[in-house]
$ cat upload_23.cif   # mmCIF, C-alpha atoms
data_data
loop_
_atom_site.label_atom_id
_atom_site.label_comp_id
_atom_site.auth_asym_id
_atom_site.auth_seq_id
_atom_site.Cartn_x
_atom_site.Cartn_y
_atom_site.Cartn_z
CA MET A 1 85.59 137.54 88.30
CA ASN A 2 83.41 140.34 89.49
CA ASN A 3 79.76 140.59 88.55
CA THR A 4 79.71 143.92 86.72
CA ASN A 5 78.89 144.61 83.10
CA THR A 6 82.19 146.10 81.94
CA ASP A 7 85.06 146.93 84.30
CA LYS A 8 88.01 148.87 82.92
CA GLU A 9 89.54 149.87 86.24
CA ASN A 10 92.21 147.86 88.01
CA LYS A 11 93.96 149.70 90.80
CA ASN A 12 96.64 147.06 91.23
CA SER A 13 98.07 147.46 87.74
CA GLN A 14 98.58 149.94 84.96
CA PHE A 15 96.75 147.43 82.75
CA PRO A 16 92.94 147.38 82.80
CA LEU A 17 90.58 144.48 83.30
CA HIS A 18 87.89 144.13 80.63
CA SER A 19 84.96 142.10 81.94
CA TRP A 20 81.53 141.20 80.54
CA ARG A 21 78.85 140.41 83.13
CA GLY A 22 81.30 138.49 85.28
CA LYS A 23 81.32 135.65 82.74
CA ILE A 24 84.35 136.39 80.56
CA ALA A 25 87.24 138.80 81.07
CA CYS A 26 90.54 139.78 79.48
CA GLN A 27 93.38 141.48 81.29
CA TYR A 28 96.83 142.69 80.37
CA MET A 29 99.51 141.30 82.71
CA ASP A 30 102.67 142.99 83.98
CA LYS A 31 105.29 142.48 86.71
CA ASP A 32 102.65 143.09 89.41
CA LEU A 33 101.11 139.70 88.55
CA LYS A 34 102.86 138.07 91.54
CA ARG A 35 101.58 140.76 93.88
CA ASP A 36 98.07 140.14 92.56
CA ASN A 37 98.02 136.45 93.55
CA SER A 38 94.78 137.22 95.39
CA GLN A 39 93.11 137.76 92.02
CA MET A 40 93.61 134.08 91.24
CA LYS A 41 91.30 133.31 94.17
CA THR A 42 88.54 135.49 92.73
CA ALA A 43 88.62 133.39 89.55
CA LEU A 44 88.03 130.04 91.27
CA ASN A 45 85.14 129.22 88.97
CA SER A 46 87.02 130.19 85.81
CA PHE A 47 89.23 128.66 83.17
CA ILE A 48 92.34 130.84 82.88
CA TYR A 49 94.40 131.16 79.70
CA GLY A 50 97.71 132.99 79.96
CA HIS A 51 99.54 134.18 76.85
CA LEU A 52 102.98 135.71 77.50
CA LEU A 53 104.16 138.40 75.13
CA LYS A 54 107.38 139.25 76.95
CA GLY A 55 109.43 138.13 79.97
CA GLN A 56 109.07 135.05 82.17
CA ALA A 57 106.99 133.75 85.08
CA ARG A 58 107.29 130.73 87.35
CA ILE A 59 103.93 129.26 88.37
CA ASN A 60 103.05 126.46 90.76
CA TYR A 61 99.94 124.69 89.44
CA ASN A 62 98.56 121.59 91.18
CA ASN A 63 101.83 121.43 93.14
CA ILE A 64 103.97 121.37 89.97
CA SER A 65 106.27 124.35 89.29
CA PHE A 66 106.98 125.35 85.72
CA THR A 67 108.34 128.34 83.83
CA VAL A 68 106.37 130.23 81.22
CA SER A 69 108.33 132.34 78.73
CA ALA A 70 107.51 134.84 75.98
CA GLY A 71 105.44 133.13 73.30
CA ASP A 72 104.15 130.43 75.67
CA GLN A 73 100.54 129.56 76.39
CA ILE A 74 99.20 128.09 79.66
CA VAL A 75 95.74 126.73 80.53
CA LEU A 76 94.56 126.57 84.16
CA ALA A 77 91.41 124.64 85.13
CA PRO A 78 88.86 125.93 87.68
CA PHE A 79 89.51 125.51 91.37
CA SER A 80 93.03 124.15 90.91
CA PRO A 81 95.68 125.35 93.40
CA THR A 82 97.72 128.02 91.59
CA VAL A 83 100.47 130.25 92.98
CA ILE A 84 102.57 132.74 91.00
CA GLU A 85 106.04 132.24 92.48
CA GLU A 86 108.19 134.64 90.48
CA VAL A 87 107.94 137.04 87.53
CA SER A 88 110.52 139.02 85.57
CA ASP A 89 110.48 142.83 85.60
CA ASP A 90 109.78 142.95 81.87
CA LEU A 91 106.79 140.60 81.98
CA GLU A 92 103.90 141.44 79.67
CA GLY A 93 101.03 139.26 78.57
CA LEU A 94 97.33 138.73 78.08
CA CYS A 95 95.10 136.74 80.41
CA LEU A 96 91.68 135.36 79.44
CA MET A 97 89.33 134.26 82.26
CA VAL A 98 86.16 132.37 81.35
CA SER A 99 83.61 131.28 83.96
CA SER A 100 82.66 127.60 83.96
CA GLU A 101 79.05 128.61 83.32
CA PHE A 102 79.95 130.51 80.15
CA ALA A 103 82.46 127.87 79.02
CA TYR A 104 79.99 124.99 79.23
CA GLU A 105 76.95 126.76 77.76
CA SER A 106 77.93 125.82 74.20
CA HIS A 107 77.99 122.11 73.31
CA ASP A 108 80.78 122.62 70.76
CA THR A 109 83.07 124.55 73.10
CA ARG A 110 82.35 122.08 75.93
CA ASN A 111 83.69 119.17 73.87
CA LEU A 112 86.78 121.14 72.82
CA LEU A 113 87.32 122.25 76.39
CA GLN A 114 87.18 118.77 77.88
CA THR A 115 89.83 117.48 75.47
CA LEU A 116 91.99 120.56 76.02
CA ILE A 117 91.89 120.33 79.80
CA ILE A 118 92.76 116.62 79.75
CA THR A 119 95.75 117.40 77.54
CA MET A 120 96.96 120.22 79.77
CA ASN A 121 96.57 118.08 82.91
CA GLN A 122 99.43 115.88 81.75
CA PRO A 123 102.53 116.61 83.88
CA HIS A 124 104.82 116.71 80.86
CA ASN A 125 102.67 119.25 78.98
CA PRO A 126 101.95 122.14 81.36
CA VAL A 127 102.94 124.73 78.74
CA ILE A 128 102.26 125.01 75.02
CA LYS A 129 105.26 126.37 73.14
CA LEU A 130 103.96 128.57 70.33
CA THR A 131 105.57 129.58 67.05
CA ASP A 132 105.55 133.30 66.20
CA GLU A 133 102.65 132.74 63.79
CA GLU A 134 100.61 130.80 66.36
CA ALA A 135 101.28 133.38 69.08
CA LYS A 136 100.18 136.19 66.76
CA LEU A 137 96.96 134.36 65.85
CA LEU A 138 95.94 133.74 69.48
CA GLU A 139 96.84 137.31 70.43
CA GLU A 140 94.60 138.64 67.64
CA ILE A 141 91.65 136.59 68.92
CA LEU A 142 92.23 137.85 72.46
CA ARG A 143 92.25 141.45 71.25
CA MET A 144 89.02 140.79 69.33
CA LEU A 145 87.49 139.49 72.56
CA ILE A 146 88.54 142.68 74.34
CA TYR A 147 87.02 144.77 71.55
CA HIS A 148 83.64 143.02 71.84
CA ILE A 149 83.69 143.28 75.64
CA GLU A 150 84.28 147.02 75.35
CA HIS A 151 81.66 147.55 72.62
CA CYS A 152 78.54 145.84 73.93
CA ASN A 153 75.42 145.40 71.79
CA ASN A 154 72.54 142.95 71.37
CA TYR A 155 74.89 140.35 69.86
CA THR A 156 77.78 140.58 72.32
CA TYR A 157 77.05 137.19 73.91
CA ASP A 158 77.02 135.45 70.52
CA ALA A 159 80.21 137.22 69.42
CA LEU A 160 82.04 136.28 72.64
CA GLN A 161 80.90 132.64 72.47
CA SER A 162 82.03 132.42 68.84
CA LEU A 163 85.41 133.99 69.55
CA TYR A 164 85.94 131.77 72.60
CA GLY A 165 85.15 128.73 70.45
CA LEU A 166 87.58 130.00 67.81
CA TYR A 167 90.26 130.45 70.48
CA LEU A 168 89.77 126.87 71.75
CA ALA A 169 89.69 125.42 68.23
CA ASN A 170 93.00 127.05 67.39
CA LEU A 171 94.55 125.85 70.64
CA MET A 172 93.47 122.28 69.90
CA ASN A 173 94.79 122.55 66.34
CA ILE A 174 98.16 123.64 67.73
CA ILE A 175 98.13 120.71 70.17
CA ASP A 176 97.15 118.25 67.44
CA LYS A 177 100.04 119.40 65.23
CA ARG A 178 102.43 118.56 68.05
CA GLY A 179 100.88 115.13 68.59
CA LEU A 180 100.05 115.92 72.20
CA SER A 181 96.41 114.82 72.12
CA ASN A 182 96.67 111.41 70.46
CA PHE A 183 95.88 109.78 73.80
CA ALA A 184 92.43 111.40 73.85
CA CYS A 185 90.99 108.55 71.74
CA LEU A 186 91.89 105.94 74.36
CA ARG A 187 89.00 104.48 76.36
CA SER A 188 90.30 105.76 79.68
CA TYR A 189 90.35 109.36 78.47
CA LYS A 190 86.89 109.06 76.97
CA LEU A 191 85.59 107.71 80.29
CA PHE A 192 87.22 110.60 82.10
CA MET A 193 85.57 113.13 79.77
CA ASP A 194 82.22 111.40 80.24
CA PHE A 195 82.69 111.53 84.02
CA ASN A 196 83.34 115.29 83.83
CA PHE A 197 80.23 115.80 81.74
CA LEU A 198 78.12 113.87 84.26
CA LEU A 199 79.73 115.75 87.14
CA ASN A 200 78.81 119.13 85.65
CA LYS A 201 75.24 117.92 85.25
CA HIS A 202 74.66 116.15 88.56
CA PHE A 203 77.12 117.46 91.17
CA ARG A 204 74.45 119.38 93.12
CA ASN A 205 72.46 116.24 93.89
CA HIS A 206 75.07 113.48 93.81
CA HIS A 207 78.29 113.68 95.81
CA ASP A 208 79.27 110.01 95.77
CA ILE A 209 81.52 108.14 93.35
CA THR A 210 79.09 105.19 93.13
CA PHE A 211 76.47 107.27 91.31
CA TYR A 212 78.91 108.35 88.56
CA ALA A 213 80.38 104.86 88.20
CA ASP A 214 76.87 103.40 87.82
CA GLN A 215 75.98 105.99 85.18
CA LEU A 216 79.12 105.03 83.23
CA GLY A 217 78.50 101.30 83.66
CA ILE A 218 81.79 100.68 85.47
CA SER A 219 82.85 99.97 89.05
CA PRO A 220 83.78 102.78 91.47
CA ARG A 221 87.26 101.27 91.72
CA TYR A 222 87.75 101.44 87.94
CA LEU A 223 86.50 105.03 87.78
CA SER A 224 88.97 105.93 90.53
CA MET A 225 91.81 104.25 88.64
CA VAL A 226 90.95 105.97 85.33
CA THR A 227 90.59 109.41 86.93
CA LYS A 228 93.91 109.05 88.74
CA GLU A 229 95.63 107.84 85.56
CA VAL A 230 94.36 110.71 83.42
CA SER A 231 94.36 113.66 85.81
CA HIS A 232 96.64 112.57 88.69
CA THR A 233 93.75 113.64 90.94
CA THR A 234 91.15 111.59 92.82
CA VAL A 235 87.43 111.41 91.98
CA ALA A 236 86.62 112.82 95.43
CA THR A 237 88.81 115.85 94.73
CA PHE A 238 86.98 116.54 91.46
CA ILE A 239 83.59 116.24 93.14
CA ASN A 240 84.62 118.42 96.10
CA ARG A 241 86.12 121.08 93.83
CA LYS A 242 82.94 121.27 91.79
CA ILE A 243 80.73 121.58 94.86
CA MET A 244 83.08 124.15 96.38
CA LEU A 245 83.19 126.13 93.15
CA GLU A 246 79.39 126.39 93.15
CA ALA A 247 79.24 127.15 96.88
CA CYS A 248 81.73 130.00 96.54
CA TRP A 249 79.81 131.43 93.59
CA LEU A 250 76.49 131.29 95.48
CA LEU A 251 78.03 132.89 98.58
CA LYS A 252 79.56 135.75 96.61
CA THR A 253 76.85 136.48 94.04
CA THR A 254 73.56 135.80 95.87
CA ASP A 255 71.99 136.72 99.19
CA TYR A 256 70.85 133.13 99.82
CA SER A 257 71.15 132.01 103.42
CA ILE A 258 73.70 129.33 104.35
CA SER A 259 70.75 127.04 104.99
CA LYS A 260 69.38 127.67 101.48
CA ILE A 261 72.76 127.02 99.86
CA SER A 262 73.09 123.80 101.87
CA GLU A 263 69.71 122.73 100.49
CA LEU A 264 70.59 123.67 96.89
CA LEU A 265 73.78 121.62 97.10
CA HIS A 266 71.93 118.68 98.62
CA PHE A 267 73.60 118.55 102.03
CA SER A 268 71.62 116.93 104.82
CA ASP A 269 71.73 120.10 106.90
CA GLN A 270 73.52 123.42 107.32
CA ALA A 271 76.00 121.98 109.81
CA SER A 272 77.14 119.32 107.34
CA PHE A 273 77.65 121.92 104.60
CA SER A 274 79.56 124.29 106.92
CA LYS A 275 81.81 121.44 108.06
CA PHE A 276 82.51 120.44 104.44
CA PHE A 277 83.17 124.05 103.38
CA LYS A 278 85.61 124.72 106.22
CA ARG A 279 87.44 121.43 105.61
CA VAL A 280 87.96 122.14 101.90
CA ASN A 281 88.31 125.94 101.92
CA GLY A 282 89.87 126.57 105.33
CA VAL A 283 87.25 129.04 106.58
CA PRO A 284 83.52 128.78 107.41
CA PRO A 285 81.08 129.86 104.66
CA LEU A 286 79.89 132.97 106.48
CA GLN A 287 83.46 134.19 106.97
CA PHE A 288 84.19 133.55 103.29
CA ARG A 289 81.12 135.60 102.28
CA ARG A 290 82.20 138.56 104.46
CA LYS A 291 85.78 138.69 103.10
#

$ encode --input "upload_23.cif" --output "structure tokens"
Amino acid sequence: MNNTNTDKENKNSQFPLHSWRGKIACQYMDKDLKRDNSQMKTALNSFIYGHLLKGQARINYNNISFTVSAGDQIVLAPFSPTVIEEVSDDLEGLCLMVSSEFAYESHDTRNLLQTLIITMNQPHNPVIKLTDEEAKLLEEILRMLIYHIEHCNNYTYDALQSLYGLYLANLMNIIDKRGLSNFACLRSYKLFMDFNFLLNKHFRNHHDITFYADQLGISPRYLSMVTKEVSHTTVATFINRKIMLEACWLLKTTDYSISKISELLHFSDQASFSKFFKRVNGVPPLQFRRK
């Protein structure tokens, strides 16, 4: 998301983007969504919630293709490979983008979010099928978010945090009613949530699996097994994504030198950071900043 206060202009679509300080944004979606795949890359550090009002879209998320239809809800985690493969001409919907920073600032929303993301990571549950009543409720909350983004005042932050929490609470209630989150009480899922909490807190200084396993009181091998079981992704991938997410944000939103960013992210030197960045992102950090 861009780093402006409120942005109502979007040249690629007839539908405007409503953004608040680059932390939370709502956008109407239309058939140009596929053409705007590049926008997904600008939201690398964001949780993305898509709510389809009309039409269909086929999306490849973490190398799994699935179809989203009118009345469906999708949840995409930060820095996860996402490609919009096909959309129908009549597609309409609402998209909520929430930066990781904003999402994790509230303790209550952080706990809801961790359970929600674990649920949505399951390969058999990539889409939440909504009833008409549920779809209407979530749409109303999204439109309230847009209203508060457009009408800023001294309490906008509090209003947006409250509405985002309300949105997550209703999503989890919908999931609970379908019995999709019963697994969240199992020890493996609790360990995975604890790992994510530690990762968000320590990723700048600790890049190795041993540190997180020690903090959890388990072996690195067991942490690897649990993470793979729950998310179908390796611990190293989670750590690298988190570091890359922060690196991309620093490159795009600050004028820090590459050397300074390397230091902030606890790399031994600039060369090590540049090598890591190019390996994970495909281009050197300076080239990424200039794009």

$ residues_around --input "upload_23.cif" --residues "Leu199 of chain A" --least-positions-apart "4" --cutoff "9 Å" --atoms "all atoms listed in the file" --output "PyMOL selection string"
chain A and resi 194-195+203-204+206+212+238-239+242

$ closest_residue --input "upload_23.cif" --among "A:Lys129, A:Leu17, A:Leu286, A:Ile24" --to "Ser69 of chain A" --atoms "all atoms listed in the file"
A:Lys129

$ resolve_selection --input "upload_23.cif" --expression "the PyMOL selection byres ((chain A and resi 220-230) around 7)" --output "list in words"
Ser188, Tyr189, Phe192, Ile209, Thr210, Ala213, Ile218, Ser219, Ser231, His232, Thr233, Thr234 and Val235 of chain A

$ write_last_selection --input "upload_23.cif" --atoms "C-alpha atoms" --output "PDB file, in the coordinates of the input"
ATOM      1  CA  SER A 188      90.300 105.760  79.680  1.00  0.00           C
ATOM      2  CA  TYR A 189      90.350 109.360  78.470  1.00  0.00           C
ATOM      3  CA  PHE A 192      87.220 110.600  82.100  1.00  0.00           C
ATOM      4  CA  ILE A 209      81.520 108.140  93.350  1.00  0.00           C
ATOM      5  CA  THR A 210      79.090 105.190  93.130  1.00  0.00           C
ATOM      6  CA  ALA A 213      80.380 104.860  88.200  1.00  0.00           C
ATOM      7  CA  ILE A 218      81.790 100.680  85.470  1.00  0.00           C
ATOM      8  CA  SER A 219      82.850  99.970  89.050  1.00  0.00           C
ATOM      9  CA  SER A 231      94.360 113.660  85.810  1.00  0.00           C
ATOM     10  CA  HIS A 232      96.640 112.570  88.690  1.00  0.00           C
ATOM     11  CA  THR A 233      93.750 113.640  90.940  1.00  0.00           C
ATOM     12  CA  THR A 234      91.150 111.590  92.820  1.00  0.00           C
ATOM     13  CA  VAL A 235      87.430 111.410  91.980  1.00  0.00           C
TER      14      VAL A 235
END

$ closest_residue --input "upload_23.cif" --among "A:Leu116, A:Val75, A:Cys26, A:Ile243" --to "Tyr147 of chain A" --atoms "all atoms listed in the file"
A:Cys26

$ resolve_selection --input "upload_23.cif" --expression "the PyMOL selection byres ((chain A and resi 149-166) around 10)" --output "mmCIF file with C-alpha atoms, in the frame of the given file"
data_model
loop_
_atom_site.group_PDB
_atom_site.id
_atom_site.type_symbol
_atom_site.label_atom_id
_atom_site.label_comp_id
_atom_site.auth_asym_id
_atom_site.auth_seq_id
_atom_site.Cartn_x
_atom_site.Cartn_y
_atom_site.Cartn_z
ATOM 1 C CA ASN A 5 78.890 144.610 83.100
ATOM 2 C CA THR A 6 82.190 146.100 81.940
ATOM 3 C CA ASP A 7 85.060 146.930 84.300
ATOM 4 C CA LYS A 8 88.010 148.870 82.920
ATOM 5 C CA HIS A 18 87.890 144.130 80.630
ATOM 6 C CA SER A 19 84.960 142.100 81.940
ATOM 7 C CA TRP A 20 81.530 141.200 80.540
ATOM 8 C CA ARG A 21 78.850 140.410 83.130
ATOM 9 C CA LYS A 23 81.320 135.650 82.740
ATOM 10 C CA ILE A 24 84.350 136.390 80.560
ATOM 11 C CA ALA A 25 87.240 138.800 81.070
ATOM 12 C CA CYS A 26 90.540 139.780 79.480
ATOM 13 C CA LEU A 96 91.680 135.360 79.440
ATOM 14 C CA VAL A 98 86.160 132.370 81.350
ATOM 15 C CA PHE A 102 79.950 130.510 80.150
ATOM 16 C CA ALA A 103 82.460 127.870 79.020
ATOM 17 C CA GLU A 105 76.950 126.760 77.760
ATOM 18 C CA SER A 106 77.930 125.820 74.200
ATOM 19 C CA ASP A 108 80.780 122.620 70.760
ATOM 20 C CA THR A 109 83.070 124.550 73.100
ATOM 21 C CA ARG A 110 82.350 122.080 75.930
ATOM 22 C CA LEU A 112 86.780 121.140 72.820
ATOM 23 C CA LEU A 113 87.320 122.250 76.390
ATOM 24 C CA LEU A 138 95.940 133.740 69.480
ATOM 25 C CA ILE A 141 91.650 136.590 68.920
ATOM 26 C CA LEU A 142 92.230 137.850 72.460
ATOM 27 C CA ARG A 143 92.250 141.450 71.250
ATOM 28 C CA MET A 144 89.020 140.790 69.330
ATOM 29 C CA LEU A 145 87.490 139.490 72.560
ATOM 30 C CA ILE A 146 88.540 142.680 74.340
ATOM 31 C CA TYR A 147 87.020 144.770 71.550
ATOM 32 C CA HIS A 148 83.640 143.020 71.840
ATOM 33 C CA TYR A 167 90.260 130.450 70.480
ATOM 34 C CA LEU A 168 89.770 126.870 71.750
ATOM 35 C CA ALA A 169 89.690 125.420 68.230
ATOM 36 C CA ASN A 170 93.000 127.050 67.390
ATOM 37 C CA LEU A 171 94.550 125.850 70.640
ATOM 38 C CA MET A 172 93.470 122.280 69.900
#

$ resolve_selection --input "upload_23.cif" --expression "the PyMOL selection byres ((chain A and resi 134) around 12)" --output "ChimeraX atom specification"
/A:51,71-73,128-133,135-141,167,170-175,177

$ write_last_selection --input "upload_23.cif" --atoms "C-alpha atoms" --output "PDB file, in the frame of the given file"
ATOM      1  CA  HIS A  51      99.540 134.180  76.850  1.00  0.00           C
ATOM      2  CA  GLY A  71     105.440 133.130  73.300  1.00  0.00           C
ATOM      3  CA  ASP A  72     104.150 130.430  75.670  1.00  0.00           C
ATOM      4  CA  GLN A  73     100.540 129.560  76.390  1.00  0.00           C
ATOM      5  CA  ILE A 128     102.260 125.010  75.020  1.00  0.00           C
ATOM      6  CA  LYS A 129     105.260 126.370  73.140  1.00  0.00           C
ATOM      7  CA  LEU A 130     103.960 128.570  70.330  1.00  0.00           C
ATOM      8  CA  THR A 131     105.570 129.580  67.050  1.00  0.00           C
ATOM      9  CA  ASP A 132     105.550 133.300  66.200  1.00  0.00           C
ATOM     10  CA  GLU A 133     102.650 132.740  63.790  1.00  0.00           C
ATOM     11  CA  ALA A 135     101.280 133.380  69.080  1.00  0.00           C
ATOM     12  CA  LYS A 136     100.180 136.190  66.760  1.00  0.00           C
ATOM     13  CA  LEU A 137      96.960 134.360  65.850  1.00  0.00           C
ATOM     14  CA  LEU A 138      95.940 133.740  69.480  1.00  0.00           C
ATOM     15  CA  GLU A 139      96.840 137.310  70.430  1.00  0.00           C
ATOM     16  CA  GLU A 140      94.600 138.640  67.640  1.00  0.00           C
ATOM     17  CA  ILE A 141      91.650 136.590  68.920  1.00  0.00           C
ATOM     18  CA  TYR A 167      90.260 130.450  70.480  1.00  0.00           C
ATOM     19  CA  ASN A 170      93.000 127.050  67.390  1.00  0.00           C
ATOM     20  CA  LEU A 171      94.550 125.850  70.640  1.00  0.00           C
ATOM     21  CA  MET A 172      93.470 122.280  69.900  1.00  0.00           C
ATOM     22  CA  ASN A 173      94.790 122.550  66.340  1.00  0.00           C
ATOM     23  CA  ILE A 174      98.160 123.640  67.730  1.00  0.00           C
ATOM     24  CA  ILE A 175      98.130 120.710  70.170  1.00  0.00           C
ATOM     25  CA  LYS A 177     100.040 119.400  65.230  1.00  0.00           C
TER      26      LYS A 177
END
